[in-house]
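This report refers to the structure that appears directly beneath it.
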Amino acid sequence: MNPDDPLLRILACPLDKGPLHLLAPEVPEDEALYNPRLHRRYPIVDGIPQLLPSSGEQVTEDQHEELLKRMMSP
């Protein structure tokens with residue numbers, strides 16, 4: 001997914017309906033969207049965001065700090 005993709009402007013977290021941030025992947029299969037408010041990471045599989053509540057992964061405080069560094073501006 002491209003950081004300039006207009007889709008990023010309308011995608012929202014399925015839990016709090018707030019905006020999501022694209023994470024710069026360390027490896028291509030690690031591409032994801034992140035909700036820093038809830039500390040939840042949603043994977044992108046084959047270019048398709050997996051935005052079901054059950055697809056989200058809760059991250060630890062240490063992981064949260066690392067993910068904040070990887071966030072790409074929309």
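Identifiers for the structure tokens are assigned positionally: chains receive A, B, ... in sequence, residues are indexed from 1 per chain, and ligands are indexed from 1 in the order shown.
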
Per DSSP on the backbone, what are the helix (DSSP H, G or I) residues of chain A, as JSON, numbers by chain? {"A": [7, 8, 9, 10, 28, 29, 30, 53, 54, 55, 61, 62, 63, 64, 65, 66, 67, 68, 69, 70]}

For the residues selected in the previous step, produce a file with N, CA, C and O atoms as a short mmCIF file (atom, residue, chain, number, x, y, z; two decimals), in the first residue's frame.
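Writing done, so here's part_11.cif:
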data_model
loop_
_atom_site.label_atom_id
_atom_site.label_comp_id
_atom_site.auth_asym_id
_atom_site.auth_seq_id
_atom_site.Cartn_x
_atom_site.Cartn_y
_atom_site.Cartn_z
N LEU A 7 -7.18 5.71 -0.33
CA LEU A 7 -7.91 4.77 0.51
C LEU A 7 -7.55 4.96 1.99
O LEU A 7 -8.39 4.78 2.87
N LEU A 8 -6.31 5.35 2.25
CA LEU A 8 -5.87 5.55 3.64
C LEU A 8 -6.67 6.63 4.35
O LEU A 8 -6.82 6.60 5.57
N ARG A 9 -7.21 7.57 3.60
CA ARG A 9 -7.99 8.66 4.21
C ARG A 9 -9.35 8.20 4.70
O ARG A 9 -9.94 8.83 5.57
N ILE A 10 -9.85 7.10 4.15
CA ILE A 10 -11.20 6.66 4.54
C ILE A 10 -11.19 5.38 5.38
O ILE A 10 -12.21 5.06 5.99
N PRO A 28 8.65 -6.74 3.36
CA PRO A 28 7.38 -6.51 2.65
C PRO A 28 6.17 -7.19 3.28
O PRO A 28 5.09 -6.61 3.30
N GLU A 29 6.32 -8.40 3.81
CA GLU A 29 5.17 -9.09 4.39
C GLU A 29 4.77 -8.54 5.76
O GLU A 29 3.83 -9.01 6.37
N ASP A 30 5.49 -7.53 6.24
CA ASP A 30 5.22 -6.93 7.54
C ASP A 30 4.41 -5.62 7.42
O ASP A 30 4.29 -4.89 8.38
N PRO A 53 -12.26 -6.88 13.54
CA PRO A 53 -11.74 -6.75 14.91
C PRO A 53 -10.86 -7.94 15.32
O PRO A 53 -9.85 -7.75 15.99
N SER A 54 -11.23 -9.13 14.88
CA SER A 54 -10.44 -10.32 15.25
C SER A 54 -9.09 -10.38 14.53
O SER A 54 -8.21 -11.12 14.94
N SER A 55 -8.92 -9.60 13.48
CA SER A 55 -7.65 -9.58 12.75
C SER A 55 -6.61 -8.69 13.41
O SER A 55 -5.42 -8.82 13.16
N GLU A 61 3.52 -2.17 25.26
CA GLU A 61 3.99 -0.78 25.31
C GLU A 61 5.32 -0.62 24.58
O GLU A 61 5.52 0.36 23.87
N ASP A 62 6.21 -1.59 24.71
CA ASP A 62 7.49 -1.53 24.00
C ASP A 62 7.29 -1.61 22.49
O ASP A 62 7.93 -0.87 21.73
N GLN A 63 6.41 -2.50 22.06
CA GLN A 63 6.10 -2.61 20.63
C GLN A 63 5.46 -1.32 20.13
O GLN A 63 5.74 -0.86 19.02
N HIS A 64 4.59 -0.74 20.94
CA HIS A 64 3.93 0.51 20.58
C HIS A 64 4.97 1.60 20.29
O HIS A 64 4.87 2.30 19.28
N GLU A 65 5.95 1.74 21.15
CA GLU A 65 6.99 2.76 20.95
C GLU A 65 7.75 2.51 19.65
O GLU A 65 8.04 3.45 18.91
N GLU A 66 8.03 1.25 19.34
CA GLU A 66 8.73 0.91 18.10
C GLU A 66 7.83 1.21 16.89
O GLU A 66 8.30 1.72 15.88
N LEU A 67 6.56 0.87 16.98
CA LEU A 67 5.64 1.12 15.87
C LEU A 67 5.45 2.61 15.62
O LEU A 67 5.29 3.03 14.46
N LEU A 68 5.45 3.41 16.64
CA LEU A 68 5.34 4.87 16.45
C LEU A 68 6.49 5.38 15.59
O LEU A 68 6.30 6.27 14.77
N LYS A 69 7.66 4.81 15.74
CA LYS A 69 8.82 5.21 14.94
C LYS A 69 8.63 4.81 13.47
O LYS A 69 9.19 5.46 12.58
N ARG A 70 7.89 3.73 13.24
CA ARG A 70 7.70 3.21 11.88
C ARG A 70 6.52 3.84 11.15
O ARG A 70 6.34 3.59 9.96
#

Near Pro36 in chain A, within 10 Å and counting only C-alpha atoms, which residues show up once chain neighbours fewer than 2 positions away are dropped, as a ChimeraX atom specification? /A:18-21,33-34,38-41,59,64-65,67-68,71

Could those selected residues go to a file with C-alpha atoms, as a CSV table (one decimal), in the first residue's frame?
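As written to disk, part_18.csv reads:
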chain,number,residue,atom,x,y,z
A,18,GLY,CA,-10.6,6.5,14.2
A,19,PRO,CA,-7.9,6.9,11.6
A,20,LEU,CA,-5.3,4.3,11.0
A,21,HIS,CA,-1.6,4.9,10.1
A,33,LEU,CA,-2.0,-0.3,9.6
A,34,TYR,CA,-1.8,0.9,13.2
A,38,LEU,CA,-5.8,1.4,21.1
A,39,HIS,CA,-2.3,-0.1,20.5
A,40,ARG,CA,-3.7,-2.3,17.8
A,41,ARG,CA,-2.0,-3.5,14.6
A,59,VAL,CA,0.7,-4.7,21.0
A,64,HIS,CA,3.9,0.5,20.6
A,65,GLU,CA,7.0,2.8,20.9
A,67,LEU,CA,5.6,1.1,15.9
A,68,LEU,CA,5.3,4.9,16.5
A,71,MET,CA,4.5,5.2,11.2

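Compared by their closest atoms to Gly47 in chain A, and using only C-alpha atoms, the residues A:Glu26, A:Asp16, A:Glu31, A:Asp4 rank with A:Glu31 nearest.
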
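CA of Leu51 in chain A to CA of Ala32 in chain A spans 10.3 Å [interatomic distance, one decimal].
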
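The space between CA of Ala12 in chain A and CA of Asn35 in chain A spans 8.9 Å.
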
Select from chain A everything DSSP, run on the backbone, classes as strand (DSSP E), then give the selection as a VMD selection string. chain A and resid 21 to 23 32 to 35 40 to 45 48 to 49 57 to 58 71 to 72

If you measure from CA of Leu22 in chain A to CA of Asp46 in chain A, what distance in Å do you get, rounded to one decimal? 14.8 Å
